[in-house]
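Trainee: Below you'll find model_13.txt; it's compact mmCIF, C-alpha atoms.
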# COMPACT_ATOMS: atom_id res chain seq x y z
CA MET A 1 -54.50 34.22 -30.63
CA TYR A 2 -54.61 30.47 -31.19
CA THR A 3 -55.97 29.79 -34.67
CA HIS A 4 -55.38 26.06 -35.08
CA SER A 5 -59.05 25.08 -35.05
CA LYS A 6 -62.51 26.45 -34.44
CA GLN A 7 -62.93 23.41 -32.20
CA VAL A 8 -60.46 24.79 -29.65
CA ILE A 9 -61.39 27.50 -27.17
CA THR A 10 -58.83 29.56 -25.30
CA ALA A 11 -58.33 31.30 -21.98
CA GLY A 12 -55.52 32.88 -20.03
CA LYS A 13 -52.61 34.67 -21.67
CA PRO A 14 -52.17 34.99 -25.41
CA LEU A 15 -49.61 32.48 -26.65
CA ALA A 16 -47.17 35.25 -27.51
CA GLU A 17 -47.13 36.34 -23.85
CA ALA A 18 -47.39 32.96 -22.13
CA ASP A 19 -44.62 31.11 -20.31
CA LYS A 20 -46.45 27.79 -20.60
CA VAL A 21 -49.49 26.21 -22.22
CA VAL A 22 -52.08 23.98 -20.58
CA ILE A 23 -54.22 21.72 -22.77
CA MET A 24 -57.44 20.89 -20.92
CA ILE A 25 -59.45 17.88 -22.12
CA HIS A 26 -63.10 17.57 -21.11
CA GLY A 27 -65.01 14.46 -20.13
CA ARG A 28 -67.75 12.53 -21.92
CA GLY A 29 -70.91 14.53 -22.48
CA ALA A 30 -69.23 17.79 -21.50
CA ARG A 31 -68.00 20.84 -23.35
CA ALA A 32 -64.64 22.53 -23.64
CA GLU A 33 -66.19 25.46 -21.77
CA ASN A 34 -66.75 23.20 -18.76
CA ILE A 35 -63.14 22.11 -18.30
CA ILE A 36 -61.63 25.47 -19.18
CA SER A 37 -63.58 27.04 -16.29
CA LEU A 38 -60.93 25.48 -14.02
CA VAL A 39 -58.65 28.35 -15.04
CA GLN A 40 -60.11 30.52 -12.28
CA HIS A 41 -59.14 27.94 -9.63
CA LEU A 42 -55.61 27.03 -10.76
CA ASN A 43 -52.29 28.90 -10.58
CA LEU A 44 -52.20 29.76 -14.27
CA SER A 45 -51.54 33.48 -14.34
CA ASP A 46 -48.59 32.94 -16.71
CA ALA A 47 -50.27 30.33 -18.91
CA ALA A 48 -52.18 30.14 -22.14
CA VAL A 49 -54.97 27.56 -21.91
CA LEU A 50 -56.40 25.58 -24.82
CA ALA A 51 -59.45 23.33 -24.59
CA PRO A 52 -60.38 21.24 -27.63
CA GLN A 53 -64.00 20.20 -28.17
CA ALA A 54 -64.83 16.58 -28.95
CA THR A 55 -67.21 15.80 -31.78
CA ASN A 56 -70.65 15.06 -30.29
CA PHE A 57 -69.16 15.72 -26.84
CA SER A 58 -67.32 12.39 -26.65
CA TRP A 59 -63.74 11.49 -27.55
CA TYR A 60 -64.60 7.84 -28.21
CA PRO A 61 -67.93 5.97 -28.07
CA TYR A 62 -67.51 3.24 -25.46
CA SER A 63 -65.90 2.75 -22.07
CA PHE A 64 -62.15 3.26 -21.89
CA LEU A 65 -62.04 -0.38 -20.73
CA ALA A 66 -63.59 -1.67 -23.97
CA PRO A 67 -61.38 -3.45 -26.53
CA GLU A 68 -59.45 -0.70 -28.29
CA GLN A 69 -60.79 -1.61 -31.73
CA GLU A 70 -64.34 -0.93 -30.55
CA ASN A 71 -63.43 2.70 -29.89
CA GLN A 72 -61.88 3.17 -33.33
CA PRO A 73 -61.57 5.25 -35.40
CA ALA A 74 -62.67 7.85 -32.85
CA LEU A 75 -59.84 7.10 -30.40
CA ASP A 76 -57.11 7.51 -33.01
CA SER A 77 -58.78 10.69 -34.20
CA ALA A 78 -58.85 12.10 -30.66
CA LEU A 79 -55.19 11.23 -30.10
CA GLU A 80 -54.31 12.85 -33.42
CA GLN A 81 -56.21 16.00 -32.42
CA ILE A 82 -54.17 16.34 -29.24
CA GLY A 83 -50.97 15.57 -31.14
CA SER A 84 -51.78 18.18 -33.76
CA ILE A 85 -52.23 20.85 -31.10
CA ILE A 86 -48.91 19.95 -29.48
CA LYS A 87 -47.08 19.97 -32.82
CA ASP A 88 -48.54 23.36 -33.56
CA LEU A 89 -47.35 24.65 -30.18
CA GLN A 90 -43.88 23.26 -30.76
CA MET A 91 -43.74 25.08 -34.08
CA GLN A 92 -44.44 28.22 -32.06
CA GLU A 93 -41.37 27.44 -29.94
CA PHE A 94 -43.09 25.88 -26.94
CA SER A 95 -40.94 22.93 -25.91
CA SER A 96 -42.63 19.91 -24.36
CA GLU A 97 -41.39 21.12 -20.95
CA LYS A 98 -43.66 24.14 -21.33
CA ILE A 99 -46.70 22.05 -22.28
CA TYR A 100 -49.09 20.62 -19.68
CA LEU A 101 -51.94 18.12 -20.12
CA LEU A 102 -54.98 18.14 -17.86
CA GLY A 103 -58.12 16.07 -18.20
CA PHE A 104 -61.16 14.86 -16.30
CA SER A 105 -62.70 11.39 -16.66
CA GLN A 106 -62.71 10.50 -20.36
CA GLY A 107 -60.42 13.48 -20.89
CA ALA A 108 -58.10 12.21 -18.16
CA CYS A 109 -57.92 8.83 -19.90
CA LEU A 110 -57.14 10.52 -23.21
CA SER A 111 -54.47 12.71 -21.58
CA LEU A 112 -52.70 9.73 -20.06
CA GLU A 113 -52.98 7.65 -23.22
CA TYR A 114 -51.55 10.40 -25.41
CA ALA A 115 -48.72 11.07 -22.97
CA ALA A 116 -47.79 7.39 -22.59
CA ARG A 117 -47.67 6.94 -26.35
CA ASN A 118 -45.54 10.08 -26.69
CA ALA A 119 -43.54 10.23 -23.47
CA ALA A 120 -41.25 13.23 -23.06
CA ARG A 121 -40.40 15.81 -20.41
CA TYR A 122 -43.71 17.64 -20.19
CA GLY A 123 -44.35 20.49 -17.81
CA GLY A 124 -46.83 18.30 -15.99
CA ILE A 125 -49.79 15.96 -16.44
CA ILE A 126 -52.97 15.95 -14.39
CA ALA A 127 -55.51 13.13 -14.66
CA PHE A 128 -58.58 13.84 -12.55
CA THR A 129 -60.10 10.31 -12.45
CA GLY A 130 -58.69 8.35 -15.36
CA GLY A 131 -56.42 5.57 -16.54
CA LEU A 132 -54.76 4.21 -19.66
CA ILE A 133 -57.14 3.01 -22.37
CA GLY A 134 -58.00 -0.51 -23.50
CA GLU A 135 -59.48 -3.78 -22.31
CA ALA A 136 -55.91 -5.02 -21.79
CA LEU A 137 -53.01 -2.58 -21.86
CA ASN A 138 -50.53 -3.09 -24.67
CA LEU A 139 -47.14 -2.03 -23.37
CA LYS A 140 -45.79 -1.90 -26.92
CA SER A 141 -47.99 1.15 -27.52
CA TYR A 142 -46.11 3.21 -24.94
CA GLN A 143 -42.91 4.85 -26.05
CA GLY A 144 -40.37 7.34 -24.77
CA ASP A 145 -39.14 8.55 -21.40
CA PHE A 146 -40.97 11.04 -19.18
CA LEU A 147 -37.65 12.27 -17.76
CA GLN A 148 -39.14 13.02 -14.33
CA THR A 149 -42.30 14.72 -15.58
CA PRO A 150 -44.54 15.42 -12.57
CA VAL A 151 -47.87 13.61 -12.85
CA LEU A 152 -50.93 13.82 -10.60
CA VAL A 153 -53.52 11.04 -10.84
CA THR A 154 -56.61 11.21 -8.63
CA THR A 155 -59.70 9.03 -8.34
CA GLY A 156 -62.56 8.00 -6.11
CA ASP A 157 -62.93 4.56 -4.56
CA PRO A 158 -65.18 3.25 -5.78
CA ASP A 159 -65.70 5.28 -8.96
CA MET A 160 -68.61 4.36 -11.22
CA HIS A 161 -66.55 4.69 -14.41
CA VAL A 162 -62.90 4.14 -13.48
CA PRO A 163 -61.82 1.07 -11.48
CA LEU A 164 -59.06 1.68 -8.96
CA THR A 165 -57.19 -1.35 -10.32
CA ARG A 166 -56.79 0.35 -13.72
CA VAL A 167 -55.65 3.59 -12.08
CA GLU A 168 -52.99 1.69 -10.13
CA GLU A 169 -51.91 -0.26 -13.22
CA SER A 170 -51.58 3.00 -15.16
CA VAL A 171 -49.59 4.69 -12.40
CA ALA A 172 -47.15 1.78 -12.36
CA ILE A 173 -46.61 2.01 -16.14
CA LEU A 174 -46.08 5.77 -16.07
CA SER A 175 -43.64 5.44 -13.18
CA ASN A 176 -41.68 2.79 -15.04
CA MET A 177 -41.45 5.21 -17.96
CA GLY A 178 -39.75 7.83 -15.82
CA ALA A 179 -42.68 9.91 -14.56
CA VAL A 180 -42.82 11.15 -10.97
CA VAL A 181 -46.38 10.19 -10.14
CA ASN A 182 -48.46 11.32 -7.20
CA GLN A 183 -51.60 9.21 -6.80
CA ARG A 184 -54.50 10.19 -4.56
CA VAL A 185 -57.54 8.02 -3.83
CA TYR A 186 -60.62 9.48 -2.17
CA LYS A 187 -63.00 7.09 -0.44
CA ARG A 188 -66.63 7.41 -1.54
CA ARG A 189 -65.95 10.57 -3.55
CA GLU A 190 -68.46 11.30 -6.29
CA HIS A 191 -67.41 11.39 -9.95
CA THR A 192 -66.25 14.99 -9.87
CA ILE A 193 -63.23 17.20 -9.16
CA SER A 194 -62.96 18.16 -5.51
CA GLN A 195 -61.43 21.30 -4.03
CA GLU A 196 -58.69 19.17 -2.50
CA GLU A 197 -57.72 17.89 -5.94
CA ILE A 198 -57.55 21.45 -7.26
CA GLU A 199 -55.28 22.40 -4.37
CA LEU A 200 -53.06 19.39 -5.03
CA ALA A 201 -52.73 20.36 -8.68
CA ASN A 202 -51.57 23.81 -7.58
CA GLN A 203 -49.14 22.41 -5.02
CA LEU A 204 -47.64 19.66 -7.14
CA ILE A 205 -47.91 20.75 -10.77
CA PHE A 206 -48.67 24.47 -11.15
CA VAL A 207 -46.09 25.69 -8.67
Re-express the file's structure as C-alpha cells.
Mentor:
Amino acid sequence: MYTHSKQVITAGKPLAEADKVVIMIHGRGARAENIISLVQHLNLSDAAVLAPQATNFSWYPYSFLAPEQENQPALDSALEQIGSIIKDLQMQEFSSEKIYLLGFSQGACLSLEYAARNAARYGGIIAFTGGLIGEALNLKSYQGDFLQTPVLVTTGDPDMHVPLTRVEESVAILSNMGAVVNQRVYKRREHTISQEEIELANQLIFV
C-alpha cells in the first residue's frame, strides 16, 4: 500500500510486489482517476501505478507557455509533489530505472519539466501531447543525463493547447541530454490520447 499522501490514488500491483512503478499525471481539469484508467490499456501487469491529484484539478493556473513566474508558486509546488513521490519510492528501493513518468496535456508538460530538471536513467517517459514549460526555455534549469532513457512524445498538428514548435524544441533538448526520443505527430488529431498512441507506448516503453 502506498501511504505517501491521500492525494495519490493507486492501481496495479502493491509496491512490495511490483517490478516497476508508473507515475501518471493528469491534465488540466481532470482527475487522477481519469489518467489512471489507462492501466487497463497498457502493458503494466508487473507495475504499481500512482496517480497524484492536483489541487483544484490544475497543476498550475495558466498556459504552459506563459512566463514561468506567472505560474508560481503552483508550478514549483507541483514539481515538488512529483519529486517527493519519487524520493519516497527510492527510499523503498526503487531505483530511477524502475520509475516511469506518464502524463497527458498539462500532465505531460509537468512530466517532461520534472524529468528535464532531474535527468537520470528512468525506466521511460511518456508525454501524450506536451512540451517543456515556460514562455522561453531556460536551459540552465535542465540538469543531468538521461543515459539513454526511452521517451515517447506525441502530439496533434495543430493542437489547440500545445504548439508543434514547442514539442520539437523540447524533443531536441531531451535528446541533447541523452534521452532516446521517439516523436509522433498526428495531423488533425483532437486533443486526446488515441489508440495508436497507446499501442506505441506499449511497443516502445512498456515492453
Trainee: What's the separation between atom CA of Gly12 of chain A and atom CA of Asp46 of chain A, in Å to one decimal place?
Mentor: 7.7 Å
Trainee: Please determine, counting all atoms listed in the file, which residue among A:Tyr186, A:Leu132, A:Ala119, A:Leu137 has the shortest atom-to-atom distance to Asp157 of chain A.
Mentor: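 That would be A:Tyr186, the residue with the smallest distance to Asp157 of chain A.
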Trainee: Env of Asn56 of chain A: 10 Å cut, atoms = only C-alpha atoms, seq-sep filter 5 positions within chain, self excluded. Answer as a ChimeraX atom specification.
Mentor: /A:28-31,61
Trainee: Which centre and which edge lengths, in Å to one decimal, describe the axis-aligned box that holds all listed atoms of segment 92-97 of chain A after 4 Å is added on each side, as JSON?
Mentor:
{"center_x": -42.7, "center_y": 24.1, "center_z": -26.5, "size_x": 11.5, "size_y": 16.3, "size_z": 19.1}
Trainee: Which of these residues is nearest to Met177 of chain A, using all atoms listed in the file: A:Gln143, A:Gln203, A:Ser194, A:Gln53?
Mentor: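 Looking at the shortest contact to Met177 of chain A, the residue is A:Gln143.
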Trainee: From the options A:Pro52, A:Gly124, A:Pro150, A:Gly156, which residue's atoms come nearest to Glu33 of chain A, counting all atoms listed in the file?
Mentor: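 The closest residue to Glu33 of chain A is A:Pro52.
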Trainee: Using only C-alpha atoms, which protein or nucleic acid residues come within 9 Å of Ala48 of chain A? Drop anything in the same chain fewer than 3 positions from it, and give the result as a VMD selection string.
Mentor: chain A and resid 10 to 23 44 to 45
Trainee: Export C-alpha atoms of the chosen residues as a short mmCIF file (atom, residue, chain, number, x, y, z; two decimals), in the coordinates of the input?
Mentor:
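The new file selection-v5.cif reads:
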data_model
loop_
_atom_site.label_atom_id
_atom_site.label_comp_id
_atom_site.auth_asym_id
_atom_site.auth_seq_id
_atom_site.Cartn_x
_atom_site.Cartn_y
_atom_site.Cartn_z
CA THR A 10 -58.83 29.56 -25.30
CA ALA A 11 -58.33 31.30 -21.98
CA GLY A 12 -55.52 32.88 -20.03
CA LYS A 13 -52.61 34.67 -21.67
CA PRO A 14 -52.17 34.99 -25.41
CA LEU A 15 -49.61 32.48 -26.65
CA ALA A 16 -47.17 35.25 -27.51
CA GLU A 17 -47.13 36.34 -23.85
CA ALA A 18 -47.39 32.96 -22.13
CA ASP A 19 -44.62 31.11 -20.31
CA LYS A 20 -46.45 27.79 -20.60
CA VAL A 21 -49.49 26.21 -22.22
CA VAL A 22 -52.08 23.98 -20.58
CA ILE A 23 -54.22 21.72 -22.77
CA LEU A 44 -52.20 29.76 -14.27
CA SER A 45 -51.54 33.48 -14.34
#
Trainee: For atom CA of Gly27 of chain A and atom CA of Gln106 of chain A, quote the distance in Å rounded to one decimal.
Mentor: 4.6 Å
Trainee: By how many Å are atom CA of Leu79 of chain A and atom CA of Glu113 of chain A apart?
Mentor: 8.1 Å
Trainee: With distances taken over only C-alpha atoms, which residue among A:Ala127, A:Val162, A:Leu139, A:Leu75 lies nearest Ile25 of chain A?
Mentor: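 Closest to Ile25 of chain A, using only C-alpha atoms: A:Ala127.
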Trainee: Give me the residues within 12 Å of Ile99 of chain A as a short mmCIF file (atom, residue, chain, number, x, y, z; two decimals) with C-alpha atoms, in the coordinates of the input, counting only C-alpha atoms and dropping any in the same chain fewer than 3 places off.
Mentor:
data_model
loop_
_atom_site.label_atom_id
_atom_site.label_comp_id
_atom_site.auth_asym_id
_atom_site.auth_seq_id
_atom_site.Cartn_x
_atom_site.Cartn_y
_atom_site.Cartn_z
CA LEU A 15 -49.61 32.48 -26.65
CA ALA A 18 -47.39 32.96 -22.13
CA ASP A 19 -44.62 31.11 -20.31
CA LYS A 20 -46.45 27.79 -20.60
CA VAL A 21 -49.49 26.21 -22.22
CA VAL A 22 -52.08 23.98 -20.58
CA ILE A 23 -54.22 21.72 -22.77
CA MET A 24 -57.44 20.89 -20.92
CA ALA A 47 -50.27 30.33 -18.91
CA ALA A 48 -52.18 30.14 -22.14
CA VAL A 49 -54.97 27.56 -21.91
CA LEU A 50 -56.40 25.58 -24.82
CA ILE A 82 -54.17 16.34 -29.24
CA GLY A 83 -50.97 15.57 -31.14
CA ILE A 85 -52.23 20.85 -31.10
CA ILE A 86 -48.91 19.95 -29.48
CA LYS A 87 -47.08 19.97 -32.82
CA ASP A 88 -48.54 23.36 -33.56
CA LEU A 89 -47.35 24.65 -30.18
CA GLN A 90 -43.88 23.26 -30.76
CA GLN A 92 -44.44 28.22 -32.06
CA GLU A 93 -41.37 27.44 -29.94
CA PHE A 94 -43.09 25.88 -26.94
CA SER A 95 -40.94 22.93 -25.91
CA SER A 96 -42.63 19.91 -24.36
CA LEU A 102 -54.98 18.14 -17.86
CA ALA A 115 -48.72 11.07 -22.97
CA ALA A 120 -41.25 13.23 -23.06
CA ARG A 121 -40.40 15.81 -20.41
CA TYR A 122 -43.71 17.64 -20.19
CA GLY A 123 -44.35 20.49 -17.81
CA GLY A 124 -46.83 18.30 -15.99
CA ILE A 125 -49.79 15.96 -16.44
CA ILE A 126 -52.97 15.95 -14.39
CA THR A 149 -42.30 14.72 -15.58
CA PRO A 150 -44.54 15.42 -12.57
CA ILE A 205 -47.91 20.75 -10.77
CA PHE A 206 -48.67 24.47 -11.15
#
Trainee: Between A:Val8, A:Leu152, A:Ile36, A:Val180, which residue has the minimum interatomic distance to Ala108 of chain A, considering all atoms listed in the file?
Mentor: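 Closest to Ala108 of chain A of all the choices is A:Leu152.
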Trainee: Hey, can you pull every residue with an atom no more than 12 Å from (-60.2, 9.5, -10.2), using only C-alpha atoms, and send it as an MDAnalysis selection string?
Mentor: chainID A and resid 103:109 126:131 152:168 170:171 183:194 197
Trainee: Point out the residue among A:Gln69, A:Ser111, A:Asn202, A:Asn182 with the least atom-to-atom distance to Ala136 of chain A, counting all atoms listed in the file.
Mentor: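 Under the stated criterion, the closest residue is A:Gln69.
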Trainee: Within 9 Å of Pro67 of chain A, counting all atoms listed in the file, which residues qualify if same-chain residues fewer than 6 places away don't, as a PyMOL selection string?
Mentor: chain A and resi 133-136
Trainee: Counting only C-alpha atoms, which residues have an atom no more than 12 Å from (-59.7, 4.6, -32.8) in the file's coordinates? Please list them as an mmCIF file with C-alpha atoms, in the coordinates of the input.
Mentor:
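The file below, part-v7.cif, is the result:
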data_model
loop_
_atom_site.group_PDB
_atom_site.id
_atom_site.type_symbol
_atom_site.label_atom_id
_atom_site.label_comp_id
_atom_site.auth_asym_id
_atom_site.auth_seq_id
_atom_site.Cartn_x
_atom_site.Cartn_y
_atom_site.Cartn_z
ATOM 1 C CA TRP A 59 -63.740 11.490 -27.550
ATOM 2 C CA TYR A 60 -64.600 7.840 -28.210
ATOM 3 C CA PRO A 61 -67.930 5.970 -28.070
ATOM 4 C CA TYR A 62 -67.510 3.240 -25.460
ATOM 5 C CA PHE A 64 -62.150 3.260 -21.890
ATOM 6 C CA ALA A 66 -63.590 -1.670 -23.970
ATOM 7 C CA PRO A 67 -61.380 -3.450 -26.530
ATOM 8 C CA GLU A 68 -59.450 -0.700 -28.290
ATOM 9 C CA GLN A 69 -60.790 -1.610 -31.730
ATOM 10 C CA GLU A 70 -64.340 -0.930 -30.550
ATOM 11 C CA ASN A 71 -63.430 2.700 -29.890
ATOM 12 C CA GLN A 72 -61.880 3.170 -33.330
ATOM 13 C CA PRO A 73 -61.570 5.250 -35.400
ATOM 14 C CA ALA A 74 -62.670 7.850 -32.850
ATOM 15 C CA LEU A 75 -59.840 7.100 -30.400
ATOM 16 C CA ASP A 76 -57.110 7.510 -33.010
ATOM 17 C CA SER A 77 -58.780 10.690 -34.200
ATOM 18 C CA ALA A 78 -58.850 12.100 -30.660
ATOM 19 C CA LEU A 79 -55.190 11.230 -30.100
ATOM 20 C CA GLU A 80 -54.310 12.850 -33.420
ATOM 21 C CA GLN A 81 -56.210 16.000 -32.420
ATOM 22 C CA LEU A 110 -57.140 10.520 -23.210
ATOM 23 C CA ILE A 133 -57.140 3.010 -22.370
ATOM 24 C CA GLY A 134 -58.000 -0.510 -23.500
#
